[in-house]
Structure formats: structure tokens, C-alpha cells
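Coordinates from protein.cif are shown below (mmCIF, N, CA and C atoms).
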data_upload
#
loop_
_atom_site.label_atom_id
_atom_site.label_comp_id
_atom_site.auth_asym_id
_atom_site.auth_seq_id
_atom_site.Cartn_x
_atom_site.Cartn_y
_atom_site.Cartn_z
N MET A 5 -17.36 -39.88 31.65
CA MET A 5 -17.41 -38.71 30.78
C MET A 5 -16.27 -37.75 31.11
N ALA A 6 -15.99 -37.56 32.40
CA ALA A 6 -14.92 -36.66 32.80
C ALA A 6 -13.57 -37.15 32.30
N ALA A 7 -13.40 -38.47 32.26
CA ALA A 7 -12.14 -39.03 31.78
C ALA A 7 -11.95 -38.75 30.29
N VAL A 8 -13.04 -38.79 29.53
CA VAL A 8 -12.98 -38.52 28.09
C VAL A 8 -12.59 -37.05 27.85
N VAL A 9 -13.22 -36.16 28.59
CA VAL A 9 -12.92 -34.73 28.45
C VAL A 9 -11.47 -34.45 28.85
N LYS A 10 -11.03 -35.09 29.93
CA LYS A 10 -9.65 -34.91 30.40
C LYS A 10 -8.65 -35.43 29.37
N ALA A 11 -8.95 -36.57 28.75
CA ALA A 11 -8.08 -37.15 27.72
C ALA A 11 -8.04 -36.26 26.48
N LEU A 12 -9.20 -35.75 26.08
CA LEU A 12 -9.27 -34.86 24.92
C LEU A 12 -8.49 -33.57 25.17
N ASN A 13 -8.63 -33.02 26.36
CA ASN A 13 -7.90 -31.81 26.71
C ASN A 13 -6.39 -32.06 26.71
N ALA A 14 -5.97 -33.21 27.23
CA ALA A 14 -4.54 -33.56 27.24
C ALA A 14 -4.02 -33.71 25.82
N LYS A 15 -4.83 -34.30 24.94
CA LYS A 15 -4.43 -34.46 23.53
C LYS A 15 -4.27 -33.10 22.86
N ILE A 16 -5.22 -32.20 23.07
CA ILE A 16 -5.15 -30.85 22.48
C ILE A 16 -3.95 -30.10 23.01
N ARG A 17 -3.72 -30.15 24.31
CA ARG A 17 -2.63 -29.38 24.94
C ARG A 17 -1.26 -29.95 24.64
N SER A 18 -1.18 -31.19 24.16
CA SER A 18 0.12 -31.79 23.87
C SER A 18 0.71 -31.27 22.56
N ASN A 19 -0.12 -30.79 21.66
CA ASN A 19 0.35 -30.24 20.38
C ASN A 19 0.41 -28.72 20.51
N PRO A 20 1.57 -28.09 20.24
CA PRO A 20 1.68 -26.63 20.40
C PRO A 20 0.73 -25.84 19.50
N VAL A 21 0.46 -26.33 18.30
CA VAL A 21 -0.42 -25.60 17.38
C VAL A 21 -1.87 -25.64 17.88
N THR A 22 -2.36 -26.81 18.22
CA THR A 22 -3.74 -26.88 18.70
C THR A 22 -3.88 -26.23 20.08
N ASP A 23 -2.81 -26.29 20.87
CA ASP A 23 -2.84 -25.60 22.17
C ASP A 23 -3.02 -24.10 21.95
N TYR A 24 -2.29 -23.53 20.99
CA TYR A 24 -2.41 -22.10 20.69
C TYR A 24 -3.78 -21.77 20.11
N LEU A 25 -4.25 -22.61 19.18
CA LEU A 25 -5.55 -22.34 18.55
C LEU A 25 -6.72 -22.47 19.52
N CYS A 26 -6.52 -23.15 20.63
CA CYS A 26 -7.58 -23.29 21.63
C CYS A 26 -7.38 -22.34 22.81
N SER A 27 -6.55 -21.34 22.64
CA SER A 27 -6.26 -20.43 23.75
C SER A 27 -6.87 -19.05 23.52
N THR A 28 -6.95 -18.29 24.59
CA THR A 28 -7.43 -16.91 24.47
C THR A 28 -6.41 -16.02 23.79
N HIS A 29 -5.14 -16.47 23.74
CA HIS A 29 -4.13 -15.70 23.01
C HIS A 29 -4.41 -15.69 21.51
N PHE A 30 -5.16 -16.66 21.03
CA PHE A 30 -5.56 -16.67 19.63
C PHE A 30 -6.95 -16.10 19.44
N TRP A 31 -7.93 -16.60 20.18
CA TRP A 31 -9.32 -16.23 19.94
C TRP A 31 -9.65 -14.80 20.36
N GLY A 32 -8.97 -14.26 21.37
CA GLY A 32 -9.19 -12.86 21.75
C GLY A 32 -8.89 -11.91 20.60
N PRO A 33 -7.65 -11.94 20.08
CA PRO A 33 -7.33 -11.06 18.95
C PRO A 33 -8.11 -11.39 17.69
N ALA A 34 -8.35 -12.68 17.45
CA ALA A 34 -9.08 -13.06 16.23
C ALA A 34 -10.48 -12.44 16.22
N SER A 35 -11.15 -12.50 17.36
CA SER A 35 -12.49 -11.91 17.42
C SER A 35 -12.43 -10.39 17.50
N ASN A 36 -11.35 -9.85 17.99
CA ASN A 36 -11.18 -8.40 18.12
C ASN A 36 -10.87 -7.74 16.78
N PHE A 37 -10.46 -8.52 15.77
CA PHE A 37 -10.10 -7.94 14.47
C PHE A 37 -11.28 -7.28 13.78
N GLY A 38 -12.50 -7.47 14.27
CA GLY A 38 -13.66 -6.79 13.69
C GLY A 38 -13.55 -5.27 13.81
N ILE A 39 -12.94 -4.80 14.89
CA ILE A 39 -12.82 -3.35 15.10
C ILE A 39 -11.91 -2.71 14.04
N PRO A 40 -10.68 -3.20 13.84
CA PRO A 40 -9.85 -2.57 12.81
C PRO A 40 -10.37 -2.78 11.39
N ILE A 41 -11.02 -3.92 11.14
CA ILE A 41 -11.59 -4.12 9.80
C ILE A 41 -12.68 -3.09 9.54
N ALA A 42 -13.54 -2.85 10.52
CA ALA A 42 -14.58 -1.83 10.37
C ALA A 42 -13.96 -0.44 10.20
N ALA A 43 -12.90 -0.17 10.95
CA ALA A 43 -12.25 1.15 10.86
C ALA A 43 -11.63 1.36 9.49
N VAL A 44 -11.00 0.33 8.95
CA VAL A 44 -10.41 0.44 7.61
C VAL A 44 -11.50 0.65 6.57
N LEU A 45 -12.60 -0.07 6.68
CA LEU A 45 -13.71 0.10 5.74
C LEU A 45 -14.35 1.48 5.87
N ASP A 46 -14.36 2.04 7.07
CA ASP A 46 -14.93 3.38 7.28
C ASP A 46 -14.12 4.48 6.62
N THR A 47 -12.87 4.22 6.27
CA THR A 47 -12.07 5.26 5.60
C THR A 47 -12.62 5.58 4.21
N GLN A 48 -13.50 4.73 3.70
CA GLN A 48 -14.09 4.97 2.38
C GLN A 48 -15.38 5.79 2.47
N LYS A 49 -15.85 6.04 3.68
CA LYS A 49 -17.10 6.79 3.87
C LYS A 49 -16.81 8.29 3.99
N SER A 50 -17.86 9.08 3.93
CA SER A 50 -17.73 10.53 4.03
C SER A 50 -17.16 10.94 5.38
N PRO A 51 -16.25 11.92 5.39
CA PRO A 51 -15.70 12.40 6.65
C PRO A 51 -16.73 13.11 7.53
N GLU A 52 -17.87 13.45 6.98
CA GLU A 52 -18.95 14.06 7.79
C GLU A 52 -19.42 13.11 8.89
N LEU A 53 -19.32 11.81 8.63
CA LEU A 53 -19.85 10.81 9.54
C LEU A 53 -18.92 10.48 10.71
N ILE A 54 -17.70 10.99 10.69
CA ILE A 54 -16.70 10.63 11.70
C ILE A 54 -16.98 11.37 13.00
N SER A 55 -16.97 10.63 14.10
CA SER A 55 -17.09 11.22 15.43
C SER A 55 -15.67 11.45 15.97
N GLY A 56 -15.34 12.70 16.21
CA GLY A 56 -14.02 13.03 16.72
C GLY A 56 -13.75 12.43 18.08
N GLN A 57 -14.74 12.45 18.96
CA GLN A 57 -14.56 11.89 20.31
C GLN A 57 -14.36 10.37 20.27
N MET A 58 -15.14 9.69 19.46
CA MET A 58 -15.01 8.24 19.37
C MET A 58 -13.68 7.86 18.73
N THR A 59 -13.27 8.60 17.72
CA THR A 59 -11.98 8.33 17.08
C THR A 59 -10.85 8.52 18.08
N GLY A 60 -10.92 9.57 18.88
CA GLY A 60 -9.90 9.79 19.90
C GLY A 60 -9.87 8.67 20.93
N ALA A 61 -11.04 8.23 21.37
CA ALA A 61 -11.12 7.14 22.35
C ALA A 61 -10.57 5.84 21.77
N LEU A 62 -10.91 5.54 20.53
CA LEU A 62 -10.43 4.30 19.91
C LEU A 62 -8.93 4.36 19.64
N THR A 63 -8.39 5.54 19.38
CA THR A 63 -6.94 5.67 19.20
C THR A 63 -6.22 5.38 20.51
N ILE A 64 -6.71 5.96 21.60
CA ILE A 64 -6.10 5.70 22.92
C ILE A 64 -6.23 4.22 23.27
N TYR A 65 -7.39 3.64 23.00
CA TYR A 65 -7.62 2.21 23.24
C TYR A 65 -6.61 1.36 22.47
N ALA A 66 -6.41 1.68 21.19
CA ALA A 66 -5.50 0.89 20.36
C ALA A 66 -4.07 0.97 20.88
N PHE A 67 -3.61 2.17 21.20
CA PHE A 67 -2.24 2.31 21.70
C PHE A 67 -2.08 1.65 23.07
N THR A 68 -3.09 1.74 23.93
CA THR A 68 -3.02 1.11 25.25
C THR A 68 -2.87 -0.40 25.12
N PHE A 69 -3.69 -1.00 24.26
CA PHE A 69 -3.63 -2.46 24.14
C PHE A 69 -2.47 -2.93 23.27
N MET A 70 -1.90 -2.07 22.44
CA MET A 70 -0.65 -2.43 21.77
C MET A 70 0.43 -2.62 22.84
N ARG A 71 0.47 -1.71 23.80
CA ARG A 71 1.44 -1.81 24.89
C ARG A 71 1.15 -3.04 25.76
N TYR A 72 -0.11 -3.26 26.07
CA TYR A 72 -0.49 -4.40 26.90
C TYR A 72 -0.09 -5.72 26.23
N SER A 73 -0.28 -5.82 24.92
CA SER A 73 -0.01 -7.07 24.21
C SER A 73 1.46 -7.47 24.31
N LEU A 74 2.34 -6.49 24.50
CA LEU A 74 3.76 -6.79 24.64
C LEU A 74 4.18 -6.91 26.11
N ALA A 75 3.32 -6.49 27.03
CA ALA A 75 3.64 -6.54 28.45
C ALA A 75 3.27 -7.88 29.08
N VAL A 76 2.31 -8.60 28.48
CA VAL A 76 1.90 -9.88 29.05
C VAL A 76 2.93 -10.95 28.71
N THR A 77 2.88 -12.03 29.49
CA THR A 77 3.76 -13.15 29.21
C THR A 77 2.90 -14.36 28.90
N PRO A 78 3.08 -15.00 27.77
CA PRO A 78 3.98 -14.66 26.67
C PRO A 78 3.44 -13.48 25.86
N LYS A 79 4.33 -12.81 25.16
CA LYS A 79 3.93 -11.67 24.33
C LYS A 79 2.89 -12.13 23.30
N ASN A 80 1.87 -11.31 23.09
CA ASN A 80 0.80 -11.68 22.17
C ASN A 80 0.92 -10.83 20.91
N TYR A 81 1.67 -11.33 19.94
CA TYR A 81 1.93 -10.57 18.72
C TYR A 81 0.69 -10.45 17.83
N LEU A 82 -0.21 -11.40 17.90
CA LEU A 82 -1.45 -11.30 17.13
C LEU A 82 -2.31 -10.15 17.67
N LEU A 83 -2.38 -10.00 18.97
CA LEU A 83 -3.11 -8.88 19.57
C LEU A 83 -2.42 -7.56 19.22
N PHE A 84 -1.09 -7.56 19.22
CA PHE A 84 -0.35 -6.35 18.83
C PHE A 84 -0.69 -5.97 17.39
N ALA A 85 -0.69 -6.94 16.48
CA ALA A 85 -1.00 -6.66 15.08
C ALA A 85 -2.42 -6.10 14.93
N CYS A 86 -3.36 -6.67 15.66
CA CYS A 86 -4.74 -6.21 15.62
C CYS A 86 -4.82 -4.73 16.01
N HIS A 87 -4.19 -4.37 17.11
CA HIS A 87 -4.27 -2.99 17.58
C HIS A 87 -3.37 -2.05 16.79
N PHE A 88 -2.33 -2.58 16.17
CA PHE A 88 -1.50 -1.76 15.28
C PHE A 88 -2.32 -1.32 14.06
N VAL A 89 -3.05 -2.26 13.48
CA VAL A 89 -3.92 -1.92 12.34
C VAL A 89 -5.00 -0.93 12.78
N ASN A 90 -5.58 -1.17 13.95
CA ASN A 90 -6.61 -0.29 14.48
C ASN A 90 -6.06 1.11 14.72
N ALA A 91 -4.87 1.22 15.30
CA ALA A 91 -4.27 2.54 15.55
C ALA A 91 -4.05 3.28 14.24
N GLY A 92 -3.54 2.59 13.23
CA GLY A 92 -3.34 3.22 11.93
C GLY A 92 -4.65 3.72 11.31
N ALA A 93 -5.68 2.89 11.39
CA ALA A 93 -6.98 3.27 10.84
C ALA A 93 -7.57 4.44 11.61
N GLN A 94 -7.45 4.43 12.94
CA GLN A 94 -8.00 5.52 13.75
C GLN A 94 -7.23 6.82 13.53
N LEU A 95 -5.92 6.74 13.36
CA LEU A 95 -5.15 7.95 13.06
C LEU A 95 -5.55 8.52 11.70
N THR A 96 -5.82 7.64 10.75
CA THR A 96 -6.30 8.09 9.43
C THR A 96 -7.65 8.78 9.58
N GLN A 97 -8.54 8.16 10.35
CA GLN A 97 -9.86 8.76 10.58
C GLN A 97 -9.73 10.10 11.31
N GLY A 98 -8.81 10.17 12.27
CA GLY A 98 -8.59 11.43 12.99
C GLY A 98 -8.11 12.53 12.06
N TYR A 99 -7.21 12.19 11.15
CA TYR A 99 -6.75 13.18 10.17
C TYR A 99 -7.90 13.62 9.28
N ARG A 100 -8.70 12.68 8.82
CA ARG A 100 -9.84 13.03 7.96
C ARG A 100 -10.84 13.91 8.69
N TYR A 101 -11.08 13.63 9.98
CA TYR A 101 -11.99 14.44 10.79
C TYR A 101 -11.46 15.87 10.91
N LEU A 102 -10.18 16.00 11.27
CA LEU A 102 -9.60 17.34 11.42
C LEU A 102 -9.58 18.09 10.10
N ASP A 103 -9.24 17.39 9.02
CA ASP A 103 -9.23 18.03 7.70
C ASP A 103 -10.62 18.53 7.32
N TRP A 104 -11.63 17.72 7.57
CA TRP A 104 -13.00 18.09 7.18
C TRP A 104 -13.54 19.24 8.02
N HIS A 105 -13.35 19.18 9.31
CA HIS A 105 -13.98 20.15 10.21
C HIS A 105 -13.12 21.39 10.50
N TYR A 106 -11.81 21.27 10.44
CA TYR A 106 -10.96 22.38 10.89
C TYR A 106 -9.96 22.89 9.85
N TRP A 107 -9.62 22.09 8.86
CA TRP A 107 -8.57 22.49 7.92
C TRP A 107 -9.11 22.78 6.52
N GLY A 108 -10.39 23.06 6.40
CA GLY A 108 -10.95 23.51 5.14
C GLY A 108 -11.41 22.43 4.19
N GLY A 109 -11.50 21.20 4.63
CA GLY A 109 -11.93 20.12 3.74
C GLY A 109 -13.37 20.28 3.30
N LYS A 110 -14.22 20.74 4.20
CA LYS A 110 -15.63 20.93 3.87
C LYS A 110 -15.78 22.02 2.80
N GLU A 111 -15.04 23.12 2.98
CA GLU A 111 -15.11 24.22 2.01
C GLU A 111 -14.56 23.79 0.65
N LYS A 112 -13.49 23.01 0.65
CA LYS A 112 -12.94 22.51 -0.62
C LYS A 112 -13.96 21.66 -1.35
N ALA A 113 -14.68 20.81 -0.62
CA ALA A 113 -15.69 19.94 -1.24
C ALA A 113 -16.82 20.77 -1.83
N VAL A 114 -17.25 21.84 -1.11
CA VAL A 114 -18.32 22.71 -1.61
C VAL A 114 -17.84 23.44 -2.86
N ASN A 115 -16.63 23.99 -2.82
CA ASN A 115 -16.10 24.71 -3.99
C ASN A 115 -15.93 23.79 -5.19
N LYS A 116 -15.50 22.58 -4.94
CA LYS A 116 -15.33 21.61 -6.03
C LYS A 116 -16.68 21.29 -6.66
N ALA A 117 -17.71 21.15 -5.82
CA ALA A 117 -19.05 20.84 -6.33
C ALA A 117 -19.61 22.01 -7.13
N LEU A 118 -19.31 23.25 -6.70
CA LEU A 118 -19.83 24.43 -7.40
C LEU A 118 -19.12 24.68 -8.72
N THR A 119 -17.84 24.35 -8.79
CA THR A 119 -17.07 24.64 -10.01
C THR A 119 -17.03 23.46 -10.97
N ALA A 120 -17.59 22.32 -10.59
CA ALA A 120 -17.61 21.16 -11.47
C ALA A 120 -18.51 21.46 -12.67
N PRO A 121 -18.07 21.05 -13.84
CA PRO A 121 -18.91 21.30 -15.02
C PRO A 121 -20.21 20.50 -14.92
N VAL A 122 -21.27 21.13 -15.34
CA VAL A 122 -22.58 20.50 -15.32
C VAL A 122 -22.71 19.65 -16.57
N ALA A 123 -23.09 18.41 -16.39
CA ALA A 123 -23.27 17.52 -17.53
C ALA A 123 -24.47 17.99 -18.35
N ALA A 124 -24.32 17.93 -19.64
CA ALA A 124 -25.41 18.34 -20.53
C ALA A 124 -26.57 17.34 -20.39
N ALA A 125 -27.76 17.89 -20.38
CA ALA A 125 -28.95 17.05 -20.30
C ALA A 125 -29.13 16.32 -21.63
N PRO A 126 -29.56 15.08 -21.59
CA PRO A 126 -29.76 14.34 -22.84
C PRO A 126 -30.87 14.99 -23.68
N VAL A 127 -30.66 15.01 -24.95
CA VAL A 127 -31.62 15.61 -25.86
C VAL A 127 -32.68 14.56 -26.21
N ALA A 128 -33.94 14.94 -26.02
CA ALA A 128 -35.05 14.02 -26.32
C ALA A 128 -35.32 14.06 -27.83
N LYS A 129 -35.62 12.92 -28.41
CA LYS A 129 -35.90 12.87 -29.84
C LYS A 129 -37.35 12.68 -30.08
#
Would you give me this structure, written as C-alpha cells?
Amino acid sequence: MAAVVKALNAKIRSNPVTDYLCSTHFWGPASNFGIPIAAVLDTQKSPELISGQMTGALTIYAFTFMRYSLAVTPKNYLLFACHFVNAGAQLTQGYRYLDWHYWGGKEKAVNKALTAPVAAAPVAK
């Protein structure tokens, strides 16, 4: 059985594509892409729901691992892309948080709701 596993491993490692697809350089970033995908989808939600502390922590995390992905040998460009997308999404969320809580976004939303024309009620026949 050990000989079969050893032969299969040698076959996988002999091809550069399958060697890469069976490595942590591929599966680490591939599984990590859930974080930036969730962050991008969260940009469609209300800014009331954004945690400023968590956004700050995730921004630092993204920039730290962007740097790490280029510091390892060999460079892991897939991991860099993952954290680049995450950094962009977190910076967007950070802007939305600051706009809502500190730059008058909440007040603008309230004023917009108050000045919006009221739809006429349907007339019953």
C-alpha cells in the first residue's frame, strides 16, 4: 500500500500543474477567498451594521498578509490577490463606517427619508 501511495505522489509531483493544485500555495488562498467575497457582498448592506473595530482589524490583516505573500519563497500571487481584494473591500467598508457615523451619512439618510414624497394611498372602489 505504501508503494502505491508513493507512486501516486511521485506522479502528482512530476507535473507542475498538479503539483501546484495539490499544494498549500493553492488551497490556502483558495479557501481564504471566502473572507473577501463576504466583504464585497457586505458592501451592499446597511452601514449601520459595520463594526469599525472589526473593519480596522481586517484591514491590518489584509495588508499584513499581502506583504507576507510576497515575502515567502516562492511568491504566492494567488494569496496576494486574495488579500488585495480583501483590503479594497475593507477600505470601502471603513469609508462607509466613517461616513455613516462621523461624516453625516446617518443625518443625510434621515433627511432624505423625511423629505421623500409620500406615495398616494390606493383608492378603494
Report task. Name the residues that the PyMOL selection byres ((chain A and resi 43-48) around 7) pulls out of this structure, and write them as a list of chain:residue names. Result -> A:Gly38, A:Ile39, A:Pro40, A:Ile41, A:Ala42, A:Lys49, A:Ser50, A:Pro51, A:Asn90, A:Ala93, A:Gln94, A:Thr96, A:Gln97
Query raised in the report: Applied to this file, what does the PyMOL selection byres ((chain A and resi 70) around 8) return in terms of residues, put as a list in words?
Result: Ile64, Tyr65, Ala66, Phe67, Thr68, Phe69, Arg71, Tyr72, Ser73, Leu74, Ala75, Leu83, Phe84, Ala85, Cys86, His87 and Phe88 of chain A
Query raised in the report: With distances taken over only C-alpha atoms, which of A:Leu62, A:Ala14, A:Ala120, A:Ala7 is nearest to A:Gly92?
Result: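 Looking only at the distances to A:Gly92, the closest residue turns out to be A:Leu62.
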Report task. Work out how far apart atom CA of A:Val89 and atom CA of A:Tyr24 are and give it in Å to one decimal. Result -> 21.9 Å
Query raised in the report: A:Leu82, A:Ala117, A:Leu95, A:Leu12: which is nearest A:Ile54, counting only C-alpha atoms?
Result: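 Result for the nearest residue to A:Ile54: A:Leu95.
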Query - Option closest in space to A:Thr59, from A:Tyr81, A:Gly98, A:Asn36, A:Asp23 [counting only N, CA and C atoms] - result: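 Residue with the minimum atom-to-atom distance to A:Thr59: A:Gly98.
Comparing A:Thr77, A:Asn13, A:Gln57, A:Asn115 by their smallest distance to A:Tyr101, the closest is A:Gln57 (using only C-alpha atoms).
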Requested in this report: Tell me, in Å to one decimal, how far atom CA of A:Ala113 is from atom CA of A:Met58.
Outcome: 23.7 Å
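Taking only C-alpha atoms into account, A:Ser27 lies nearest to A:Asn80 out of the set A:Asn80, A:Val8, A:His105, A:Lys112.
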Query raised in the report: What does the distance from atom N of A:Glu111 to atom N of A:Ala91 come to in Å, to one decimal?
Result: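 These two atoms are separated by 27.1 Å.
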Query raised in the report: Among chain A, which ones does DSSP place in helix (DSSP H, G or I), written as number ranges by chain?
Result: A: 6-18, 20-25, 28-36, 38-46, 51-53, 56-75, 81-105, 109-119
Give, as JSON, the centre coordinates and the x, y and z edge lengths in Å to one decimal for an axis-aligned box around all listed atoms of stretch 16-33 of chain A, padded by 4 Å on each side.
{"center_x": -4.0, "center_y": -21.6, "center_z": 21.2, "size_x": 19.3, "size_y": 29.1, "size_z": 15.6}
